[in-house]
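> This is upload.txt (compact mmCIF, C-alpha atoms).
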```
# COMPACT_ATOMS: atom_id res chain seq x y z
CA MET A 164 34.19 60.48 -24.77
CA ASN A 165 32.28 60.32 -28.03
CA THR A 166 29.47 57.84 -28.65
CA LEU A 167 31.56 55.66 -30.97
CA ASN A 168 34.40 55.21 -28.45
CA LYS A 169 31.92 54.59 -25.63
CA SER A 170 30.15 51.89 -27.63
CA PHE A 171 33.50 50.32 -28.51
CA LEU A 172 34.61 50.13 -24.85
CA LEU A 173 31.25 48.75 -23.77
CA GLY A 174 31.57 46.11 -26.45
CA ILE A 175 35.01 45.11 -25.20
CA ALA A 176 33.74 44.91 -21.61
CA ALA A 177 30.80 42.77 -22.67
CA ALA A 178 33.06 40.45 -24.65
CA LEU A 179 35.46 40.12 -21.72
CA ALA A 180 32.61 39.35 -19.33
CA ALA A 181 31.28 36.73 -21.71
CA THR A 182 34.74 35.16 -22.00
CA LEU A 183 35.16 35.00 -18.21
CA THR A 184 31.67 33.54 -17.79
CA ALA A 185 32.43 30.88 -20.38
CA ALA A 186 35.73 30.07 -18.69
CA HIS A 187 34.00 29.63 -15.33
CA ALA A 188 31.28 27.50 -16.91
CA ALA A 189 33.93 25.26 -18.48
CA TRP A 190 35.78 24.73 -15.21
CA PRO A 191 37.39 22.29 -14.65
CA GLU A 192 39.19 21.62 -17.91
CA ARG A 193 42.15 19.84 -16.30
CA PRO A 194 42.96 18.00 -13.04
CA VAL A 195 42.18 19.67 -9.72
CA LYS A 196 44.73 19.38 -6.89
CA ILE A 197 43.84 19.20 -3.21
CA VAL A 198 46.76 19.98 -0.88
CA VAL A 199 46.51 18.03 2.39
CA PRO A 200 48.56 19.34 5.36
CA PHE A 201 49.19 15.86 6.79
CA PRO A 202 51.18 12.80 5.66
CA ALA A 203 49.51 10.06 3.63
CA GLY A 204 47.62 7.38 5.52
CA GLY A 205 46.15 9.48 8.34
CA ALA A 206 42.48 10.21 8.96
CA SER A 207 42.48 13.60 7.20
CA ASP A 208 44.34 12.21 4.19
CA LEU A 209 42.01 9.22 3.83
CA THR A 210 38.95 11.47 4.15
CA ALA A 211 40.29 13.81 1.48
CA ARG A 212 40.95 10.86 -0.83
CA ALA A 213 37.46 9.43 -0.31
CA VAL A 214 35.79 12.76 -1.10
CA GLY A 215 38.25 13.51 -3.90
CA GLN A 216 37.45 10.22 -5.62
CA THR A 217 33.76 11.12 -5.76
CA LEU A 218 34.48 14.70 -6.87
CA SER A 219 36.58 13.29 -9.70
CA ARG A 220 33.62 11.28 -10.99
CA GLN A 221 31.30 14.26 -10.69
CA LEU A 222 33.64 16.80 -12.30
CA GLY A 223 34.89 14.52 -15.08
CA GLN A 224 38.49 15.40 -14.20
CA PRO A 225 41.07 13.76 -11.91
CA VAL A 226 41.19 15.15 -8.39
CA LEU A 227 44.76 14.70 -7.16
CA ILE A 228 45.89 14.63 -3.54
CA GLU A 229 49.21 16.26 -2.66
CA ASN A 230 50.49 15.79 0.88
CA ARG A 231 52.39 18.81 2.26
CA PRO A 232 52.86 18.30 6.03
CA GLY A 233 54.72 20.72 8.27
CA ALA A 234 54.30 23.76 10.54
CA SER A 235 50.90 22.60 11.87
CA GLY A 236 49.44 23.04 8.39
CA GLY A 237 51.35 26.20 7.56
CA VAL A 238 53.36 24.61 4.73
CA ALA A 239 50.23 23.48 2.89
CA ALA A 240 48.42 26.74 3.58
CA GLN A 241 51.29 28.81 2.19
CA ALA A 242 51.40 26.67 -0.96
CA VAL A 243 47.71 27.32 -1.60
CA MET A 244 47.88 31.00 -0.63
CA SER A 245 50.48 31.53 -3.36
CA ALA A 246 48.82 29.31 -6.00
CA PRO A 247 46.95 30.80 -8.99
CA ALA A 248 43.36 31.72 -8.11
CA ASP A 249 41.92 29.57 -10.90
CA GLY A 250 40.20 26.83 -8.91
CA TYR A 251 42.75 24.14 -9.76
CA THR A 252 44.54 24.18 -6.38
CA LEU A 253 42.56 23.78 -3.17
CA LEU A 254 43.46 23.32 0.51
CA TRP A 255 42.12 20.53 2.68
CA GLY A 256 41.90 22.63 5.81
CA SER A 257 41.35 21.49 9.40
CA ALA A 258 39.80 23.38 12.29
CA SER A 259 43.10 23.79 14.13
CA MET A 260 44.53 25.77 11.21
CA VAL A 261 42.36 28.67 12.41
CA ALA A 262 44.98 28.92 15.17
CA LEU A 263 48.02 29.31 12.89
CA PRO A 264 48.25 33.11 13.39
CA TYR A 265 48.65 32.40 17.12
CA VAL A 266 51.21 29.56 16.91
CA LEU A 267 53.50 30.54 14.03
CA LYS A 268 55.90 33.48 14.09
CA LYS A 269 55.41 33.84 10.33
CA PRO A 270 51.88 32.54 9.67
CA PRO A 271 50.70 32.11 6.07
CA TYR A 272 47.72 34.34 6.76
CA ALA A 273 46.39 36.82 9.30
CA SER A 274 43.10 34.91 9.33
CA MET A 275 42.12 31.63 7.71
CA THR A 276 39.45 33.61 5.84
CA ASP A 277 42.28 35.26 3.88
CA LEU A 278 41.84 32.08 1.88
CA ALA A 279 38.48 31.69 0.13
CA PRO A 280 36.21 29.35 2.14
CA VAL A 281 34.59 26.76 -0.16
CA ALA A 282 32.80 24.09 1.87
CA ALA A 283 32.94 22.26 5.17
CA VAL A 284 33.05 18.50 4.63
CA GLY A 285 32.78 16.73 7.98
CA ARG A 286 34.02 16.25 11.51
CA LEU A 287 36.63 13.79 12.77
CA PRO A 288 35.58 12.45 16.18
CA PHE A 289 38.52 12.29 18.62
CA CYS A 290 39.25 9.52 21.14
CA LEU A 291 41.53 9.40 24.18
CA PHE A 292 43.75 6.35 23.55
CA VAL A 293 46.10 4.77 26.06
CA HIS A 294 48.49 1.87 25.59
CA SER A 295 47.40 -1.41 27.18
CA SER A 296 50.28 -1.17 29.66
CA VAL A 297 48.61 1.85 31.29
CA ASN A 298 46.76 0.46 34.29
CA ALA A 299 43.56 2.49 33.96
CA SER A 300 40.10 1.65 32.67
CA SER A 301 38.57 5.11 33.13
CA LEU A 302 39.57 8.71 32.59
CA ALA A 303 39.51 9.35 36.36
CA GLN A 304 41.86 6.41 37.03
CA PHE A 305 44.15 7.51 34.25
CA THR A 306 44.48 11.11 35.42
CA ALA A 307 45.09 9.94 38.99
CA GLN A 308 47.92 7.72 37.75
CA ALA A 309 49.36 10.52 35.62
CA ARG A 310 49.38 12.86 38.64
CA GLN A 311 51.11 10.27 40.82
CA SER A 312 53.84 9.64 38.23
CA PRO A 313 54.78 13.07 36.87
CA GLY A 314 56.85 12.97 33.70
CA LYS A 315 56.66 9.18 33.28
CA LEU A 316 53.91 9.08 30.64
CA ASN A 317 54.53 10.35 27.12
CA PHE A 318 51.72 11.77 25.03
CA ALA A 319 51.99 11.69 21.24
CA THR A 320 50.44 14.29 18.95
CA GLY A 321 50.14 14.43 15.19
CA SER A 322 48.36 17.76 14.82
CA LEU A 323 47.82 21.05 16.62
CA SER A 324 44.31 19.94 17.67
CA GLU A 325 45.78 16.89 19.38
CA HIS A 326 48.49 18.95 21.10
CA ILE A 327 45.95 21.43 22.44
CA ALA A 328 43.58 18.67 23.58
CA VAL A 329 46.28 16.92 25.63
CA THR A 330 47.64 20.14 27.13
CA ARG A 331 44.07 20.93 28.19
CA LEU A 332 43.93 17.46 29.77
CA ASN A 333 47.16 18.19 31.66
CA ALA A 334 45.84 21.53 32.86
CA ALA A 335 42.42 20.20 33.90
CA SER A 336 43.73 17.13 35.70
CA GLY A 337 47.05 18.33 37.12
CA ALA A 338 48.88 15.62 35.18
CA GLN A 339 52.41 16.21 33.90
CA MET A 340 52.99 14.18 30.77
CA GLN A 341 55.84 14.60 28.30
CA HIS A 342 55.10 15.72 24.74
CA VAL A 343 56.35 13.66 21.76
CA PRO A 344 55.38 15.33 18.45
CA TYR A 345 54.77 13.43 15.20
CA LYS A 346 53.86 14.63 11.72
CA GLY A 347 50.57 12.73 11.70
CA GLY A 348 48.51 9.83 13.00
CA ALA A 349 49.89 7.33 10.50
CA GLN A 350 53.34 7.83 12.04
CA LEU A 351 52.43 7.96 15.74
CA MET A 352 49.92 5.08 15.96
CA PRO A 353 52.47 2.26 15.44
CA ASP A 354 54.63 3.74 18.24
CA LEU A 355 51.59 4.07 20.50
CA ALA A 356 50.55 0.48 19.78
CA GLU A 357 54.05 -0.73 20.72
CA GLY A 358 54.12 1.33 23.91
CA ARG A 359 56.96 3.66 22.90
CA VAL A 360 54.50 6.43 23.78
CA GLN A 361 51.51 5.83 26.02
CA VAL A 362 48.81 8.41 25.30
CA ASN A 363 47.15 10.11 22.33
CA ILE A 364 44.03 12.16 21.79
CA GLY A 365 43.33 11.91 18.07
CA PRO A 366 40.91 10.75 15.37
CA CYS A 367 39.10 7.64 16.55
CA SER A 368 39.49 5.91 13.19
CA THR A 369 43.30 5.89 13.30
CA GLY A 370 43.50 3.68 16.37
CA MET A 371 40.50 1.36 16.11
CA ALA A 372 42.44 -1.56 14.56
CA PHE A 373 44.83 -1.47 17.51
CA VAL A 374 41.91 -1.25 19.94
CA LYS A 375 40.39 -4.38 18.42
CA ALA A 376 43.79 -6.10 18.65
CA GLY A 377 43.94 -5.33 22.39
CA LYS A 378 46.98 -3.04 22.13
CA LEU A 379 45.12 0.19 22.94
CA ARG A 380 42.14 1.21 25.06
CA VAL A 381 39.74 4.12 24.55
CA LEU A 382 38.95 5.90 27.81
CA ALA A 383 36.72 8.66 26.41
CA THR A 384 35.52 10.28 23.21
CA LEU A 385 35.53 14.02 22.56
CA LEU A 386 31.99 14.04 21.20
CA PRO A 387 28.80 15.76 22.39
CA THR A 388 27.10 12.34 22.62
CA ARG A 389 28.35 8.75 22.67
CA SER A 390 29.68 7.30 19.44
CA ALA A 391 27.64 4.64 17.66
CA LEU A 392 30.95 2.85 17.01
CA LEU A 393 31.87 2.91 20.73
CA PRO A 394 28.56 3.04 22.61
CA GLU A 395 30.14 1.71 25.81
CA VAL A 396 32.76 4.50 25.94
CA PRO A 397 31.74 7.70 27.79
CA THR A 398 32.26 11.16 26.40
CA ALA A 399 34.87 13.37 28.05
CA ALA A 400 32.04 15.50 29.43
CA GLU A 401 30.39 12.42 30.98
CA ALA A 402 33.77 11.49 32.46
CA GLY A 403 33.98 14.91 34.11
CA MET A 404 36.27 16.75 31.65
CA PRO A 405 34.29 18.87 29.18
CA GLU A 406 37.46 20.99 28.73
CA LEU A 407 38.87 18.38 26.35
CA VAL A 408 36.45 19.11 23.51
CA VAL A 409 38.01 20.99 20.56
CA PRO A 410 36.60 21.64 17.05
CA THR A 411 37.66 18.93 14.58
CA TRP A 412 36.08 19.84 11.24
CA GLN A 413 37.60 19.38 7.79
CA ALA A 414 36.95 21.78 4.90
CA LEU A 415 38.03 22.90 1.46
CA LEU A 416 39.43 26.38 0.88
CA ALA A 417 40.74 28.10 -2.26
CA PRO A 418 43.43 30.71 -2.98
CA PRO A 419 42.46 34.33 -2.38
CA ARG A 420 40.49 36.02 -5.18
CA THR A 421 39.23 32.74 -6.63
CA SER A 422 36.12 33.36 -8.71
CA PRO A 423 32.83 33.14 -6.73
CA GLU A 424 31.37 31.09 -9.58
CA VAL A 425 34.07 28.44 -9.24
CA ILE A 426 33.74 28.43 -5.45
CA GLU A 427 29.97 27.97 -5.63
CA ARG A 428 30.37 25.20 -8.19
CA MET A 429 32.83 23.29 -6.02
CA ALA A 430 30.70 23.85 -2.90
CA SER A 431 27.68 22.32 -4.64
CA GLU A 432 29.81 19.40 -5.87
CA VAL A 433 31.00 18.73 -2.31
CA GLN A 434 27.40 18.82 -1.10
CA ALA A 435 26.45 16.30 -3.79
CA ALA A 436 29.43 14.08 -2.90
CA LEU A 437 28.26 13.94 0.72
CA LYS A 438 24.95 12.49 -0.47
CA ASP A 439 26.63 9.76 -2.51
CA PRO A 440 26.02 6.33 -0.87
CA GLU A 441 29.51 5.04 -1.68
CA THR A 442 31.16 8.14 -0.23
CA LEU A 443 29.00 8.01 2.88
CA ALA A 444 29.96 4.35 3.39
CA GLN A 445 33.66 5.25 3.15
CA LEU A 446 33.28 8.13 5.60
CA GLU A 447 31.42 5.88 8.03
CA ARG A 448 34.29 3.38 7.93
CA LEU A 449 36.67 6.26 8.69
CA GLY A 450 34.49 7.44 11.56
CA VAL A 451 33.87 10.79 9.86
CA GLN A 452 30.60 12.60 10.48
CA PRO A 453 29.49 14.40 7.26
CA ASP A 454 28.76 18.05 8.01
CA TRP A 455 28.43 20.22 4.90
CA ALA A 456 28.43 24.02 5.05
CA GLY A 457 28.71 26.43 2.15
CA PRO A 458 31.20 29.29 1.66
CA ALA A 459 29.38 31.90 3.75
CA ALA A 460 28.63 29.53 6.64
CA LEU A 461 32.20 28.18 6.64
CA GLY A 462 33.63 31.70 6.70
CA ALA A 463 31.32 32.62 9.59
CA ARG A 464 32.41 29.48 11.47
CA ILE A 465 36.08 30.36 11.08
CA ARG A 466 35.53 33.92 12.32
CA GLN A 467 33.45 32.70 15.26
CA GLU A 468 36.01 30.08 16.35
CA ALA A 469 39.13 32.26 16.01
CA PRO A 470 38.89 33.76 19.55
CA GLN A 471 38.36 30.27 20.96
CA TRP A 472 41.53 28.97 19.27
CA GLU A 473 43.49 32.01 20.45
CA ARG A 474 42.37 31.26 24.00
CA PHE A 475 43.25 27.56 23.63
CA VAL A 476 46.77 28.43 22.46
CA ARG A 477 47.30 30.98 25.23
CA GLN A 478 46.04 28.61 27.95
CA SER A 479 48.04 25.67 26.61
CA GLY A 480 51.32 27.57 26.73
CA ILE A 481 52.24 26.51 23.21
CA GLU A 482 55.06 28.76 22.02
CA ALA A 483 55.18 30.23 18.53
CA GLU A 484 57.30 28.24 16.07
```
Let me see the structure of the file written as structure tokens.

Amino acid sequence: MNTLNKSFLLGIAAALAATLTAAHAAWPERPVKIVVPFPAGGASDLTARAVGQTLSRQLGQPVLIENRPGASGGVAAQAVMSAPADGYTLLWGSASMVALPYVLKKPPYASMTDLAPVAAVGRLPFCLFVHSSVNASSLAQFTAQARQSPGKLNFATGSLSEHIAVTRLNAASGAQMQHVPYKGGAQLMPDLAEGRVQVNIGPCSTGMAFVKAGKLRVLATLLPTRSALLPEVPTAAEAGMPELVVPTWQALLAPPRTSPEVIERMASEVQAALKDPETLAQLERLGVQPDWAGPAALGARIRQEAPQWERFVRQSGIEAE
């Protein structure tokens, strides 16, 4: 290759690099969409909307929420996996989606890290709710009753995390409750409050209004320490069942091959949003514990937790869909 041609090609490469850098610097130039794998009105959806509202102010572009429930998060994950890697479509991922390769016959990915990890946002504390008709004021009383009446109590779940948590409760206590699946907490909570189902382990925030109304009771929380919102309620570990604890984080992920510059920009914007007083107040009302982690730390968390989720699925007996 002669000197003239070499200089020409180097010039083209430099111009292309400059164009790509400028494009990344200008991002976002249009609305950003966050795909949420749960129906509207649930804890994950409301958290995504609270954070998205702040991100919209920071980015100077609308941040739109699109609800795509189904297949334990697989429908939303597939939509984002196949979206353009331009930073304009993101996934609101949950911890239980790490388990999709173990619960779906045709999972959207071999590992959740096939998507590009962006940032962890926070954790959704879980509570063990029972309908007021259940004659138990403690976890020990409840499990004794469930053992004595096999098949008479129905447990509702709106996510894979909830399903695994209750199957672990069944296994640890010897209870035999019947599973009633829902698409999300916004759908199951009214049925739980009316007693059509009797038990749920799910985000604390989704049931607190019914607890205050006397329709539900909280027997335990799935937290390392007692909740400031429910200081009188013991943790599952305090109640003698540490097996109930499952990861419950929420995070943003991007399509594969999304530019590192865009990912880092969004990660820093999420970090800033979690320092915003208005956002923090909204998350506190939702019972969400802010817990930011950047792309590398989120990816490491997913890889570290994958064997745990595989074990949970195997022990729970959940069959692939």
> Could you check the closest approach to Ala213 in chain A for each of A:Gln341, A:Thr442, A:Ser422, A:Ser245 and tell me which residue wins, using all atoms listed in the file?
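Between A:Gln341, A:Thr442, A:Ser422, A:Ser245, the residue approaching Ala213 in chain A most closely is A:Thr442.
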> Report the distance between CA of Lys268 in chain A and CA of Asn317 in chain A in Å, rounded to one decimal place.
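Those two atoms sit 26.6 Å apart.
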> Report, in Å to a single decimal, how far apart CA of Leu291 in chain A and CA of Pro397 in chain A are.
10.6 Å
> Counting all atoms listed in the file, which of A:Val199, A:Ala459, A:Leu323, A:Ala400 gets nearest to Pro423 in chain A?
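So, comparing all the options, the nearest one is A:Ala459.
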> For Thr398 in chain A, which residue out of A:Leu302, A:Ala246, A:Val360, A:Ala189 is the nearest one, using all atoms listed in the file?
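Looking only at the distances to Thr398 in chain A, the closest residue turns out to be A:Leu302.
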> Closest to Arg389 in chain A among A:Val238, A:Cys290, A:Met244, A:Ala430, using all atoms listed in the file?
A:Cys290
> In Å, rounded to a single decimal, give me how far CA of His294 in chain A is from CA of Gln339 in chain A.
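Between CA of Gln339 in chain A and CA of His294 in chain A the gap works out to 17.0 Å.
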> Residues within 8 Å of Ala240 in chain A, please, as a tab-separated table (two decimals) with C-alpha atoms, in the coordinates of the input. Count all atoms listed in the file; anything in the same chain fewer than 2 positions from it doesn't count.

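Contents of the output file out_10.tsv:
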```tsv
chain	number	residue	atom	x	y	z
A	200	PRO	CA	48.56	19.34	5.36
A	236	GLY	CA	49.44	23.04	8.39
A	237	GLY	CA	51.35	26.20	7.56
A	238	VAL	CA	53.36	24.61	4.73
A	242	ALA	CA	51.40	26.67	-0.96
A	243	VAL	CA	47.71	27.32	-1.60
A	244	MET	CA	47.88	31.00	-0.63
A	254	LEU	CA	43.46	23.32	0.51
A	271	PRO	CA	50.70	32.11	6.07
```
> Of the residues A:Leu278, A:Val284, A:Gln308, A:Val381, which is the one nearest to Leu443 in chain A, using all atoms listed in the file?
A:Val284
> Given the choices A:Ala319, A:Ala402, A:Ala328, A:Ala279, which gets closest to His342 in chain A if the distance is worked out from only C-alpha atoms?
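Going through A:Ala319, A:Ala402, A:Ala328, A:Ala279 one by one, the smallest distance to His342 in chain A is for A:Ala319.
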> Can you report as AutoDock Vina command-line options the centre and edge lengths in Å, to one decimal, of an axis-aligned box around the listed atoms of range 384-387 of chain A padded with 3 Å on each side?

```
--center_x 32.2 --center_y 13.0 --center_z 22.2 --size_x 12.7 --size_y 11.5 --size_z 8.0
```
> Can you tell me which residues surround Glu395 in chain A at a distance of at most 12 Å, considering all atoms listed in the file, apart from same-chain residues fewer than 6 positions away, and format the answer as a list in words?
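The residues that qualify are Ser301, Val381, Leu382, Ala383, Thr384, Thr388, Arg389 and Glu401 of chain A.
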> Which neighbours of Asp208 in chain A fall inside 8 Å, counting all atoms listed in the file, when residues of the same chain fewer than 5 positions from it are skipped, and could you give them as a PyMOL selection string?
chain A and resi 199+201-203+230
> Please save C-alpha atoms of the selected residues as a PDB file, keeping the file's coordinate frame.

```pdb
ATOM      1  CA  VAL A 199      46.510  18.030   2.390  1.00  0.00           C
ATOM      2  CA  PHE A 201      49.190  15.860   6.790  1.00  0.00           C
ATOM      3  CA  PRO A 202      51.180  12.800   5.660  1.00  0.00           C
ATOM      4  CA  ALA A 203      49.510  10.060   3.630  1.00  0.00           C
ATOM      5  CA  ASN A 230      50.490  15.790   0.880  1.00  0.00           C
TER       6      ASN A 230
END
```
> Atoms are missing here; could range 415-435 of chain A be completed with N, CA, C and O atoms and written as a PDB file, keeping the file's coordinate frame?

```
ATOM      1  N   LEU A 415      37.273  22.477   2.637  1.00  0.00           N
ATOM      2  CA  LEU A 415      38.030  22.900   1.460  1.00  0.00           C
ATOM      3  C   LEU A 415      38.069  24.411   1.395  1.00  0.00           C
ATOM      4  O   LEU A 415      37.059  25.085   1.634  1.00  0.00           O
ATOM      5  N   LEU A 416      39.253  24.944   1.064  1.00  0.00           N
ATOM      6  CA  LEU A 416      39.430  26.380   0.880  1.00  0.00           C
ATOM      7  C   LEU A 416      40.227  26.601  -0.399  1.00  0.00           C
ATOM      8  O   LEU A 416      40.971  25.712  -0.844  1.00  0.00           O
ATOM      9  N   ALA A 417      40.090  27.782  -0.992  1.00  0.00           N
ATOM     10  CA  ALA A 417      40.740  28.100  -2.260  1.00  0.00           C
ATOM     11  C   ALA A 417      41.663  29.298  -2.092  1.00  0.00           C
ATOM     12  O   ALA A 417      41.578  30.032  -1.097  1.00  0.00           O
ATOM     13  N   PRO A 418      42.570  29.518  -3.053  1.00  0.00           N
ATOM     14  CA  PRO A 418      43.430  30.710  -2.980  1.00  0.00           C
ATOM     15  C   PRO A 418      42.603  31.992  -2.946  1.00  0.00           C
ATOM     16  O   PRO A 418      41.464  32.026  -3.431  1.00  0.00           O
ATOM     17  N   PRO A 419      43.165  33.048  -2.375  1.00  0.00           N
ATOM     18  CA  PRO A 419      42.460  34.330  -2.380  1.00  0.00           C
ATOM     19  C   PRO A 419      42.102  34.768  -3.796  1.00  0.00           C
ATOM     20  O   PRO A 419      42.820  34.458  -4.739  1.00  0.00           O
ATOM     21  N   ARG A 420      40.973  35.443  -3.908  1.00  0.00           N
ATOM     22  CA  ARG A 420      40.490  36.020  -5.180  1.00  0.00           C
ATOM     23  C   ARG A 420      40.040  34.965  -6.188  1.00  0.00           C
ATOM     24  O   ARG A 420      39.891  35.245  -7.365  1.00  0.00           O
ATOM     25  N   THR A 421      39.817  33.737  -5.739  1.00  0.00           N
ATOM     26  CA  THR A 421      39.230  32.740  -6.630  1.00  0.00           C
ATOM     27  C   THR A 421      37.820  33.155  -6.983  1.00  0.00           C
ATOM     28  O   THR A 421      37.074  33.672  -6.144  1.00  0.00           O
ATOM     29  N   SER A 422      37.433  32.943  -8.223  1.00  0.00           N
ATOM     30  CA  SER A 422      36.120  33.360  -8.710  1.00  0.00           C
ATOM     31  C   SER A 422      34.974  32.794  -7.866  1.00  0.00           C
ATOM     32  O   SER A 422      34.958  31.598  -7.556  1.00  0.00           O
ATOM     33  N   PRO A 423      33.999  33.631  -7.478  1.00  0.00           N
ATOM     34  CA  PRO A 423      32.830  33.140  -6.730  1.00  0.00           C
ATOM     35  C   PRO A 423      32.078  32.043  -7.462  1.00  0.00           C
ATOM     36  O   PRO A 423      31.533  31.134  -6.826  1.00  0.00           O
ATOM     37  N   GLU A 424      32.066  32.116  -8.803  1.00  0.00           N
ATOM     38  CA  GLU A 424      31.370  31.090  -9.580  1.00  0.00           C
ATOM     39  C   GLU A 424      32.024  29.720  -9.401  1.00  0.00           C
ATOM     40  O   GLU A 424      31.345  28.706  -9.238  1.00  0.00           O
ATOM     41  N   VAL A 425      33.353  29.701  -9.424  1.00  0.00           N
ATOM     42  CA  VAL A 425      34.070  28.440  -9.240  1.00  0.00           C
ATOM     43  C   VAL A 425      33.874  27.924  -7.814  1.00  0.00           C
ATOM     44  O   VAL A 425      33.669  26.716  -7.596  1.00  0.00           O
ATOM     45  N   ILE A 426      33.927  28.821  -6.846  1.00  0.00           N
ATOM     46  CA  ILE A 426      33.740  28.430  -5.450  1.00  0.00           C
ATOM     47  C   ILE A 426      32.349  27.826  -5.244  1.00  0.00           C
ATOM     48  O   ILE A 426      32.193  26.766  -4.612  1.00  0.00           O
ATOM     49  N   GLU A 427      31.336  28.477  -5.771  1.00  0.00           N
ATOM     50  CA  GLU A 427      29.970  27.970  -5.630  1.00  0.00           C
ATOM     51  C   GLU A 427      29.813  26.627  -6.324  1.00  0.00           C
ATOM     52  O   GLU A 427      29.124  25.728  -5.825  1.00  0.00           O
ATOM     53  N   ARG A 428      30.447  26.480  -7.479  1.00  0.00           N
ATOM     54  CA  ARG A 428      30.370  25.200  -8.190  1.00  0.00           C
ATOM     55  C   ARG A 428      30.991  24.085  -7.353  1.00  0.00           C
ATOM     56  O   ARG A 428      30.397  23.004  -7.187  1.00  0.00           O
ATOM     57  N   MET A 429      32.178  24.316  -6.822  1.00  0.00           N
ATOM     58  CA  MET A 429      32.830  23.290  -6.020  1.00  0.00           C
ATOM     59  C   MET A 429      32.043  23.009  -4.746  1.00  0.00           C
ATOM     60  O   MET A 429      31.921  21.850  -4.316  1.00  0.00           O
ATOM     61  N   ALA A 430      31.499  24.047  -4.122  1.00  0.00           N
ATOM     62  CA  ALA A 430      30.700  23.850  -2.900  1.00  0.00           C
ATOM     63  C   ALA A 430      29.507  22.941  -3.182  1.00  0.00           C
ATOM     64  O   ALA A 430      29.194  22.041  -2.389  1.00  0.00           O
ATOM     65  N   SER A 431      28.838  23.162  -4.306  1.00  0.00           N
ATOM     66  CA  SER A 431      27.680  22.320  -4.640  1.00  0.00           C
ATOM     67  C   SER A 431      28.111  20.895  -4.971  1.00  0.00           C
ATOM     68  O   SER A 431      27.394  19.936  -4.666  1.00  0.00           O
ATOM     69  N   GLU A 432      29.309  20.744  -5.564  1.00  0.00           N
ATOM     70  CA  GLU A 432      29.810  19.400  -5.870  1.00  0.00           C
ATOM     71  C   GLU A 432      30.151  18.649  -4.579  1.00  0.00           C
ATOM     72  O   GLU A 432      29.919  17.439  -4.470  1.00  0.00           O
ATOM     73  N   VAL A 433      30.702  19.362  -3.597  1.00  0.00           N
ATOM     74  CA  VAL A 433      31.000  18.730  -2.310  1.00  0.00           C
ATOM     75  C   VAL A 433      29.700  18.305  -1.632  1.00  0.00           C
ATOM     76  O   VAL A 433      29.590  17.197  -1.078  1.00  0.00           O
ATOM     77  N   GLN A 434      28.705  19.163  -1.699  1.00  0.00           N
ATOM     78  CA  GLN A 434      27.400  18.820  -1.100  1.00  0.00           C
ATOM     79  C   GLN A 434      26.827  17.570  -1.748  1.00  0.00           C
ATOM     80  O   GLN A 434      26.317  16.671  -1.058  1.00  0.00           O
ATOM     81  N   ALA A 435      26.932  17.484  -3.077  1.00  0.00           N
ATOM     82  CA  ALA A 435      26.450  16.300  -3.790  1.00  0.00           C
ATOM     83  C   ALA A 435      27.254  15.053  -3.403  1.00  0.00           C
ATOM     84  O   ALA A 435      26.691  13.962  -3.233  1.00  0.00           O
TER      85      ALA A 435
END
```
